[in-house]
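Single-structure report; data block below.
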Protein chains: 2
Amino acid sequence: MALKARVLYDFHSENPGEISISENELVTLFSEEELEGWLEGENSRGEAGLFPASYVEIITSTVNNNNGFTSAKAQTPTHTSSDSQSHRGFGAGSSGGGSFHTSQGSDDDWDDDWDEGSSSATNAPQVLGSSPPMYPVTTSLPGRGSTQHQQNQQQHAKSSATVGRNLNRFSTFVKSGGEAFLLGEASAFVKDGDKIFVVMGKHGPEWQEDPYPFTCTIDDPTKQTKFKGMKSYMSYGLTPTHTNVQVNRRYKHFDWLYARLVERFPVISVPHLPEKQATGRFEEDFISKRRKGLIWWMNHMTSHPVLAQCDVFQHFLTCGADEKAWKQGKRKAEKDELVGSNFFLTISTPDVPLDLQEVESKIEGFKTFTKRMDENIVVVNTTINEFARKQMTGFKKEYQKVGQSFQLLSQAFEMDQQAYSAGLNKAIAYTGEAYETIGEYFAEQPRQDLDPISDLLDLYRGHLANFPDIIHVQKGALTKVRDCPKQEGDLHNRCNIISCATLAEIQHFHRTRVRDFRSQMQHHLRQQINFFQKITAKLEDAFQRYNDDQQD
Amino acid sequence: MALKARVLYDFHSENPGEISISENELVTLFSEEELEGWLEGENSRGEAGLFPASYVEIITSTVNNNNGFTSAKAQTPTHTSSDSQSHRGFGAGSSGGGSFHTSQGSDDDWDDDWDEGSSSATNAPQVLGSSPPMYPVTTSLPGRGSTQHQQNQQQHAKSSATVGRNLNRFSTFVKSGGEAFLLGEASAFVKDGDKIFVVMGKHGPEWQEDPYPFTCTIDDPTKQTKFKGMKSYMSYGLTPTHTNVQVNRRYKHFDWLYARLVERFPVISVPHLPEKQATGRFEEDFISKRRKGLIWWMNHMTSHPVLAQCDVFQHFLTCGADEKAWKQGKRKAEKDELVGSNFFLTISTPDVPLDLQEVESKIEGFKTFTKRMDENIVVVNTTINEFARKQMTGFKKEYQKVGQSFQLLSQAFEMDQQAYSAGLNKAIAYTGEAYETIGEYFAEQPRQDLDPISDLLDLYRGHLANFPDIIHVQKGALTKVRDCPKQEGDLHNRCNIISCATLAEIQHFHRTRVRDFRSQMQHHLRQQINFFQKITAKLEDAFQRYNDDQQD
């Protein structure tokens with residue numbers, strides 16, 4: 001009997017050798033054995049090829065009753081923790097329980113080239129989450145155009161799925177440690193320095209402000225080589241304002257840090273890292289895009305009172321070239337006890353406990369909000385990407401065609417060599433050039449004022465993908481309290497802690513959102529105003545030529 | 001044996017019942033009899049229907065030698081002068097000998113509704129010219145879009161044919177009276193008041209300037225009725241500045257005047273009237289377009305030293321509502337003896353005769369110039385019409401989509417009712433509206449700055465269609481002089497007169513061209529500058545909302 005698997009999520013083939021599969025479709029497997037995260041098989045349309053192992057569940061028929069579907073036992077493919085990485089792109093929708101998956105590289109594999117194309121095994125999709133796992137983008141960086149459009153469409157589909165469907169989220173409550181904490185099973189020694197304070201602000205619970213706020217710049221990355229030039233990688237120079245000392249970090253260091261933060265802070269939305277790119281990593285466009293993404297990421301890190309101050313992030317930002325010190329801090333972070341359920345032990349709440357009814361209603365409101373925001377920013381993103389593409393192609397072309405036709409007119413007129421005609425001919429030729437230049441302006445503009453919005457939306461889609469899990473931890477706690485009315489005292493206390501942390505995080509999200517969108521819209525409009533003023537100036541310049549001409 | 005006809009010019013069917021036919025194609029006629037300028041038959045693709053009679057020549061096989069083509073005698077369909085009208089649209093390419101065709105309505109048929117849709121017989125194409133006759137546009141006024149585009153393409157084809165091919169132009173030299181005058185056969189009494197002076201200017205021969213220059217305004221037309229409201233027509237109020245008295249004229253009066261001018265002035269380029277439109281004459285768009293066309297036409301009339309001062313034009317501009325006086329002037333104009341060959345008797349040249357070699361070279365240069373200008377303004381016209389269409393559809397749509405997506409963003413944000421969020425939400429909503437408004441600006445703009453250029457180009461395409469005939473008269477004269485070296489004296493004198501008139505007309509064309517294109521380009525740029533400033537102001541307004549917000 002042929003080995004079958006049921007498709008869990010739509011997968012669109014993007015490279016030769018891959019096949020597209022659709023949710024609920026039955027596929028025939030050629031072998032149960034995975035090849036670096038991929039399975040080989042045939043889809044229902046008879047196409048044979050590769051698809052991500054984590055997108056399907058293998059059907060193990062225990063009873064052969066001609067109704068294999070219902071009695072089939074789903075078996076998710078197994079991965080060892082060491083060959084799957086929790087790297088997540090902006091807006092990649094890879095939320096789910098995977099957020100709490102530990103990517104704990106040992107010291108020995110630290111120097112492996114995680115972000116090299118050669119180690120493709122590490123690009124295998126994750127499987128621990130309940131949402132569609134992030135699919136590693138192995139195509140070269142998509143330019144503007146249909147590819148990007150398709151990608152947007154796909155991201156749309158993925159993200160909607162993430163926020164929309166809450167498949168079996170109960171496990172999140174368990175995995176996050178929320179349940180264990182609520183039931184009083186968490187225990188660890190919390191130093192004063194580890195304490196995280198939630199205070200009551202004007203608009204509800206909020207994280208206590210960072211008394212020593214700082215920011216951190218990221219320089220243009222430089223290409224480094226090792227093994228006598230056999231291997232190369234990009235290195236980013238980071239300079240935090242509170243030390244003003246530059247440290248060098250690779251993408252894999254960011255990736256490692258990200259994994260630490262995710263396991264450390266169950267109800268904090270850790271900003272997603274910019275999309276990991278296996279091929280074409282040194283292409284200028286990609287480098288610039290990733291750097292911009294890292295700058296956004298860094299900005300969200302340093303402006304988060306809890307994340308900014310935490311030890312592992314400080315280690316990442318301040319540890320210099322001393323290899324030994326680096327490894328020491330690294331090991332310390334990986335052995336941190338205050339992860340998962342113990343995280344909640346570090347939280348210090350305001351004196352007056354929250355009204356849980358009110359908390360529930362706030363959380364419900366926020367859930368609706370994130371769903372709508374996620375849906376709508378997908379539309380905005382698609383629209384502005386399409387608008388950018390139109391400006392770079394259609395708009396540019398139209399202005400250039402008009403410019404060229406004016407030049408044709410002037411060329412015809414130049415065949416009349418009368419003195420009184422010369423000035424006009426030159427002016428028309430200049431007008432033609434002006435229109436061609438305006439066409440160029442249109443083509444260059446999106447980079448200034450649309451791409452940044454798109455980057456911002458990507459970052460927020462990452463946050464929105466985080467929140468269903470955070471909300472779920474909170475909801476799990478509330479349900480538990482309701483289910484066990486007898487143990488009210490302690491359970492209420494602990495539920496209050498989870499609620500305070502969750503609401504503080506939501507508050508932080510809103511504040512950051514308002515700040516980011518305000519500044520980005522301002523930036524956008526300022527750039528647009530400059531743009532149209534530049535066009536006006538060009539046209540005024542052309543207009544002037546006709547006056548000069550008349551004075552002749 | 002079936003009656004056949006050979007197709008002279010491409011004709012594209014535009015209405016049900018018509019069929020398309022191609023140059024050189026053989027068509028089978030169902031009858032030799034024309035129906036209001038149309039013939040019925042079958043094309044080589046087996047399609048049966050109507051096509052313009054003047055687009056084909058009927059083949060009368062005199063010898064049945066199985067080689068009917070070469071021995072066939074072409075017979076152009078006959079028209080009585082009373083049912084064909086010399087109405088010509090801007091850029092319609094209906095030049096050829098038809099320019100000298102007399103449209104001499106008798107007093108009796110003066111009140112017929114020439115410009116009513118009912119008298120479709122008068123819309124039949126002309127046949128006297130050697131160029132493709134003007135095809136009566138009976139479709140409704142084309143809006144922006146593919147129809148207009150097709151029309152442009154078609155005009156392109158027609159016009160190129162006009163300027164490019166000089167089919168049997170010798171007849172023009174004969175018909176214009178040029179030959180008769182050159183051979184000394186013209187004779188008429190020329191009063192001092194009828195004299196037309198060519199003077200030697202800085203750039204060569206030119207028409208003596210009008211000592212009493214004037215202009216003439218054309219008001220919005222009003223709808224008039226007669227026969228107790230059974231018939232209706234549009235009446236234009238004209239007010240020349242030299243009398244400042246308004247007179248009322250219908251399109252058919254313009255048409256009559258045009259026919260007088262064409263027969264009166266063989267080497268003057270009489271501006272074409274705006275396209276005659278049989279159906280939908282009272283639609284706002286059409287009325288506005290025709291009025292704009294008449295304004296351009298009037299502008300070219302009053303700025304031409306010879307046309308502006310001539311009796312028939314003055315009669316047209318100044319004769320009031322006195323029916324008797326009008327008919328008197330009308331009859332006088334129709335009996336004018338100084339038409340055709342006699343026109344040249346009225347011309348008074350500078351003392352020093354021109355060097356005929358030099359004249360020939362100038363004429364050659366001008367011929368090349370007109371050909372190139374005609375080709376290039378077709379491209380310009382197509383381009384700016386397409387650009388206008390893009391702005392009214394694509395550009396508008398893109399800006400509106402961006403506007404709508406910003407509004408979606410603000411709608412999502414409004415679900416968060418925190419006080420610090422409200423200002424931003426409003427600002428984003430306003431930005432969305434601003435973009436929608438900018439979309440509208442784009443849609444409205446072409447009417448301001450592209451349509452006028454298109455109108456100008458149409459007018460000039462009419463002039464360019466006139467010049468091949470004018471050049472031909474001049475060339476015919478030069479050839480005649482070269483052929484008869486013995487009669488040098490008188491022949492030279494008369495050839496000099498024709499040359500002076502032709503060069504003066506060319507000079508006038510260039511001056512008007514430089515004036516018109518300069519002012520139109522200035523107008524265009526001024527409008528474009530206003531347009532982009534309006535956009536900038538709108539964006540600045542939106543930008544301001546974010547500042548207000550921040551001050552809250």
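The way I read the labels, and the way they are meant: chains A, B, ... in the order of the structure tokens, residue 1 as the first residue of every chain, and ligand 1 as the first ligand shown, with later ones counted on from there.
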
Residues near A:Leu409, anyone? I mean within 10 Å using only C-alpha atoms, not counting same-chain ones fewer than 4 positions away, as an NGL selection string. (:A and (403-405 or 413-414 or 425 or 428-429 or 432)) or (:B and (372-380))

Those residues you just picked out, can you put them in a file as a PDB file, in the first residue's frame with C-alpha atoms?
ATOM      1  CA  GLY A 403       9.106  63.800 -23.154  1.00  0.00           C
ATOM      2  CA  GLN A 404      10.241  61.927 -26.230  1.00  0.00           C
ATOM      3  CA  SER A 405       7.308  63.141 -28.271  1.00  0.00           C
ATOM      4  CA  PHE A 413      10.767  72.299 -35.901  1.00  0.00           C
ATOM      5  CA  GLU A 414      14.548  72.426 -36.115  1.00  0.00           C
ATOM      6  CA  ASN A 425      12.875  74.783 -30.644  1.00  0.00           C
ATOM      7  CA  ILE A 428      10.536  72.509 -26.535  1.00  0.00           C
ATOM      8  CA  ALA A 429      13.564  70.199 -26.558  1.00  0.00           C
ATOM      9  CA  GLY A 432      11.015  67.101 -23.515  1.00  0.00           C
TER      10      GLY A 432
ATOM     11  CA  ARG B 372       8.429  65.686 -40.936  1.00  0.00           C
ATOM     12  CA  MET B 373       6.166  67.940 -38.900  1.00  0.00           C
ATOM     13  CA  ASP B 374       3.118  66.015 -40.021  1.00  0.00           C
ATOM     14  CA  GLU B 375       4.691  62.691 -39.066  1.00  0.00           C
ATOM     15  CA  ASN B 376       5.904  63.914 -35.708  1.00  0.00           C
ATOM     16  CA  ILE B 377       2.799  65.704 -34.565  1.00  0.00           C
ATOM     17  CA  VAL B 378       0.869  62.512 -35.222  1.00  0.00           C
ATOM     18  CA  VAL B 379       3.168  60.826 -32.707  1.00  0.00           C
ATOM     19  CA  VAL B 380       2.807  63.713 -30.273  1.00  0.00           C
TER      20      VAL B 380
END

Can you check which residues of chain B have any atom within 8 Å of chain A? Use only C-alpha atoms and format it as a ChimeraX atom specification. /B:203,366,369,372-373,376-377,379-380,383-384,387,395,398-399,401-402,405-406,408-409,412-413,415-416,418,420-421,424,428,514,518,521-522,525-526,528-529,532-533,535-536,539-540,542-543,546

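Between atom CA of A:Leu238 and atom CA of A:Trp256 lies a distance of 16.0 Å.
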
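By chain and then residue number, the residues within 9 Å of B:Phe316 are Val247, Arg249, His253, Phe254, Leu257, Trp326, Gly329 and Lys330 of chain B, counting only C-alpha atoms and disregarding those fewer than 6 positions away in sequence.
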
Within 10 Å of B:Met301, counting only C-alpha atoms, which residues qualify if same-chain residues fewer than 5 places away don't, as a PyMOL selection string? chain B and resi 215-216+270-271+295-296+306-309+313

Based on the selection just made, write C-alpha atoms of those residues as a PDB file, in the first residue's frame.
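Generated output (selection-v9.pdb):
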ATOM      1  CA  THR B 215      -9.812  89.594 -33.196  1.00  0.00           C
ATOM      2  CA  CYS B 216     -13.211  88.021 -32.781  1.00  0.00           C
ATOM      3  CA  VAL B 270      -7.402  78.249 -45.209  1.00  0.00           C
ATOM      4  CA  PRO B 271      -7.687  76.757 -41.722  1.00  0.00           C
ATOM      5  CA  ILE B 295     -12.161  79.688 -31.659  1.00  0.00           C
ATOM      6  CA  TRP B 296      -8.880  78.288 -32.938  1.00  0.00           C
ATOM      7  CA  VAL B 306      -5.105  88.402 -46.424  1.00  0.00           C
ATOM      8  CA  LEU B 307      -7.942  86.280 -45.074  1.00  0.00           C
ATOM      9  CA  ALA B 308      -8.782  88.717 -42.279  1.00  0.00           C
ATOM     10  CA  GLN B 309      -9.306  91.613 -44.695  1.00  0.00           C
ATOM     11  CA  PHE B 313     -15.005  87.224 -44.359  1.00  0.00           C
TER      12      PHE B 313
END

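Excluding A:Gly476 itself and same-chain residues fewer than 3 positions from it, the residues having an atom within 9 Å of it are A:Phe170, A:Thr172, A:Phe173, A:Val174, A:Gly178, A:Glu179, A:Ile471, A:His472, A:Val473, A:Thr479, A:Lys480, A:Val481, counting only C-alpha atoms.
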
Based on the selection just made, write all heavy atoms of those residues as an mmCIF file, in the first residue's frame.
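File written: again27.cif
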data_model
loop_
_atom_site.group_PDB
_atom_site.id
_atom_site.type_symbol
_atom_site.label_atom_id
_atom_site.label_comp_id
_atom_site.auth_asym_id
_atom_site.auth_seq_id
_atom_site.Cartn_x
_atom_site.Cartn_y
_atom_site.Cartn_z
ATOM 1 N N PHE A 170 -4.437 25.589 22.862
ATOM 2 C CA PHE A 170 -4.287 25.280 24.280
ATOM 3 C C PHE A 170 -2.848 24.909 24.588
ATOM 4 O O PHE A 170 -2.298 25.265 25.616
ATOM 5 C CB PHE A 170 -5.225 24.142 24.692
ATOM 6 C CG PHE A 170 -5.160 23.886 26.160
ATOM 7 C CD1 PHE A 170 -5.685 24.823 27.062
ATOM 8 C CD2 PHE A 170 -4.537 22.761 26.661
ATOM 9 C CE1 PHE A 170 -5.601 24.612 28.413
ATOM 10 C CE2 PHE A 170 -4.454 22.543 28.041
ATOM 11 C CZ PHE A 170 -4.986 23.456 28.907
ATOM 12 N N THR A 172 -0.261 26.136 23.538
ATOM 13 C CA THR A 172 0.557 27.320 23.784
ATOM 14 C C THR A 172 0.554 27.667 25.271
ATOM 15 O O THR A 172 1.575 28.003 25.852
ATOM 16 C CB THR A 172 0.005 28.515 23.003
ATOM 17 O OG1 THR A 172 -0.088 28.142 21.655
ATOM 18 C CG2 THR A 172 0.916 29.714 23.147
ATOM 19 N N PHE A 173 -0.623 27.575 25.833
ATOM 20 C CA PHE A 173 -0.742 27.896 27.252
ATOM 21 C C PHE A 173 0.142 26.961 28.069
ATOM 22 O O PHE A 173 0.847 27.373 28.985
ATOM 23 C CB PHE A 173 -2.214 27.773 27.663
ATOM 24 C CG PHE A 173 -2.488 28.065 29.110
ATOM 25 C CD1 PHE A 173 -1.939 29.196 29.729
ATOM 26 C CD2 PHE A 173 -3.302 27.226 29.861
ATOM 27 C CE1 PHE A 173 -2.202 29.467 31.063
ATOM 28 C CE2 PHE A 173 -3.557 27.496 31.202
ATOM 29 C CZ PHE A 173 -3.004 28.616 31.802
ATOM 30 N N VAL A 174 0.132 25.716 27.653
ATOM 31 C CA VAL A 174 0.955 24.725 28.356
ATOM 32 C C VAL A 174 2.441 24.984 28.100
ATOM 33 O O VAL A 174 3.228 25.153 29.015
ATOM 34 C CB VAL A 174 0.586 23.293 27.900
ATOM 35 C CG1 VAL A 174 1.479 22.270 28.593
ATOM 36 C CG2 VAL A 174 -0.884 23.018 28.178
ATOM 37 N N GLY A 178 2.698 29.095 31.000
ATOM 38 C CA GLY A 178 1.603 29.834 31.618
ATOM 39 C C GLY A 178 0.814 28.929 32.576
ATOM 40 O O GLY A 178 0.503 29.316 33.711
ATOM 41 N N GLU A 179 0.518 27.724 32.126
ATOM 42 C CA GLU A 179 -0.280 26.820 32.952
ATOM 43 C C GLU A 179 0.467 26.420 34.228
ATOM 44 O O GLU A 179 -0.067 26.506 35.327
ATOM 45 C CB GLU A 179 -0.638 25.563 32.148
ATOM 46 C CG GLU A 179 -1.641 24.706 32.886
ATOM 47 C CD GLU A 179 -1.914 23.383 32.173
ATOM 48 O OE1 GLU A 179 -0.951 22.784 31.634
ATOM 49 O OE2 GLU A 179 -3.075 22.953 32.165
ATOM 50 N N ILE A 471 -2.167 36.278 23.564
ATOM 51 C CA ILE A 471 -3.561 36.331 23.990
ATOM 52 C C ILE A 471 -3.991 34.965 24.533
ATOM 53 O O ILE A 471 -4.714 34.856 25.517
ATOM 54 C CB ILE A 471 -4.465 36.761 22.820
ATOM 55 C CG1 ILE A 471 -4.226 38.242 22.504
ATOM 56 C CG2 ILE A 471 -5.934 36.513 23.144
ATOM 57 C CD1 ILE A 471 -4.911 38.713 21.250
ATOM 58 N N HIS A 472 -3.485 33.941 23.887
ATOM 59 C CA HIS A 472 -3.900 32.603 24.301
ATOM 60 C C HIS A 472 -3.414 32.252 25.707
ATOM 61 O O HIS A 472 -4.133 31.608 26.473
ATOM 62 C CB HIS A 472 -3.421 31.555 23.304
ATOM 63 C CG HIS A 472 -4.029 30.239 23.578
ATOM 64 N ND1 HIS A 472 -5.347 29.964 23.302
ATOM 65 C CD2 HIS A 472 -3.534 29.125 24.177
ATOM 66 C CE1 HIS A 472 -5.633 28.746 23.682
ATOM 67 N NE2 HIS A 472 -4.542 28.201 24.226
ATOM 68 N N VAL A 473 -2.223 32.670 26.046
ATOM 69 C CA VAL A 473 -1.705 32.431 27.390
ATOM 70 C C VAL A 473 -2.625 33.101 28.401
ATOM 71 O O VAL A 473 -3.049 32.503 29.390
ATOM 72 C CB VAL A 473 -0.250 32.952 27.518
ATOM 73 C CG1 VAL A 473 0.215 32.883 28.967
ATOM 74 C CG2 VAL A 473 0.679 32.155 26.604
ATOM 75 N N THR A 479 -9.424 31.095 31.873
ATOM 76 C CA THR A 479 -10.276 29.904 31.854
ATOM 77 C C THR A 479 -10.012 29.035 33.076
ATOM 78 O O THR A 479 -10.939 28.557 33.743
ATOM 79 C CB THR A 479 -9.983 29.087 30.578
ATOM 80 O OG1 THR A 479 -10.028 29.971 29.468
ATOM 81 C CG2 THR A 479 -11.003 27.983 30.387
ATOM 82 N N LYS A 480 -8.730 28.881 33.346
ATOM 83 C CA LYS A 480 -8.323 28.059 34.494
ATOM 84 C C LYS A 480 -8.913 28.625 35.781
ATOM 85 O O LYS A 480 -9.423 27.881 36.618
ATOM 86 C CB LYS A 480 -6.793 28.070 34.582
ATOM 87 C CG LYS A 480 -6.195 26.807 35.139
ATOM 88 C CD LYS A 480 -6.218 25.712 34.103
ATOM 89 C CE LYS A 480 -5.676 24.405 34.665
ATOM 90 N NZ LYS A 480 -5.803 23.327 33.685
ATOM 91 N N VAL A 481 -8.860 29.923 35.944
ATOM 92 C CA VAL A 481 -9.380 30.560 37.157
ATOM 93 C C VAL A 481 -10.877 30.319 37.251
ATOM 94 O O VAL A 481 -11.415 30.011 38.314
ATOM 95 C CB VAL A 481 -9.086 32.081 37.140
ATOM 96 C CG1 VAL A 481 -9.880 32.796 38.228
ATOM 97 C CG2 VAL A 481 -7.596 32.325 37.325
#

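Separating atom CA of B:Phe286 from atom CA of B:Met392 is a distance of 18.6 Å.
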
For the atom pair atom CA of A:Gln314 and atom CA of A:His242, what is the interatomic distance in Å to one decimal place? 10.4 Å

Compile the contact shell of B:Ala48 as a PDB file with N, CA, C and O atoms, in the first residue's frame: residues with an atom at most 9 Å away, counting only C-alpha atoms, same-chain residues fewer than 5 positions apart removed.
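Heads up, here's the output in around-v3.pdb:
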ATOM      1  N   GLY B  17     -23.562  47.530 -40.800  1.00  0.00           N
ATOM      2  CA  GLY B  17     -23.995  47.712 -42.191  1.00  0.00           C
ATOM      3  C   GLY B  17     -22.845  48.088 -43.098  1.00  0.00           C
ATOM      4  O   GLY B  17     -22.928  47.939 -44.315  1.00  0.00           O
ATOM      5  N   GLU B  18     -21.736  48.599 -42.505  1.00  0.00           N
ATOM      6  CA  GLU B  18     -20.577  48.964 -43.317  1.00  0.00           C
ATOM      7  C   GLU B  18     -19.604  47.786 -43.368  1.00  0.00           C
ATOM      8  O   GLU B  18     -19.578  46.948 -42.459  1.00  0.00           O
ATOM      9  N   ILE B  19     -18.783  47.734 -44.400  1.00  0.00           N
ATOM     10  CA  ILE B  19     -17.726  46.722 -44.431  1.00  0.00           C
ATOM     11  C   ILE B  19     -16.379  47.413 -44.629  1.00  0.00           C
ATOM     12  O   ILE B  19     -16.306  48.515 -45.187  1.00  0.00           O
ATOM     13  N   GLU B  40     -23.056  49.632 -52.359  1.00  0.00           N
ATOM     14  CA  GLU B  40     -23.242  48.364 -51.667  1.00  0.00           C
ATOM     15  C   GLU B  40     -22.511  47.278 -52.447  1.00  0.00           C
ATOM     16  O   GLU B  40     -22.540  47.281 -53.683  1.00  0.00           O
ATOM     17  N   GLY B  41     -21.843  46.384 -51.728  1.00  0.00           N
ATOM     18  CA  GLY B  41     -21.111  45.336 -52.428  1.00  0.00           C
ATOM     19  C   GLY B  41     -20.517  44.337 -51.473  1.00  0.00           C
ATOM     20  O   GLY B  41     -20.860  44.298 -50.281  1.00  0.00           O
ATOM     21  N   GLU B  42     -19.606  43.525 -52.031  1.00  0.00           N
ATOM     22  CA  GLU B  42     -19.014  42.454 -51.238  1.00  0.00           C
ATOM     23  C   GLU B  42     -17.505  42.562 -51.350  1.00  0.00           C
ATOM     24  O   GLU B  42     -16.965  42.733 -52.455  1.00  0.00           O
ATOM     25  N   ASN B  43     -16.794  42.473 -50.210  1.00  0.00           N
ATOM     26  CA  ASN B  43     -15.336  42.568 -50.277  1.00  0.00           C
ATOM     27  C   ASN B  43     -14.728  41.192 -50.528  1.00  0.00           C
ATOM     28  O   ASN B  43     -15.446  40.192 -50.631  1.00  0.00           O
TER      29      ASN B  43
END

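Restricting the calculation to only C-alpha atoms, the smallest distance between B:Leu261 and any of B:Phe343, B:Phe197, B:Tyr212, B:Tyr233 is found for B:Phe343.
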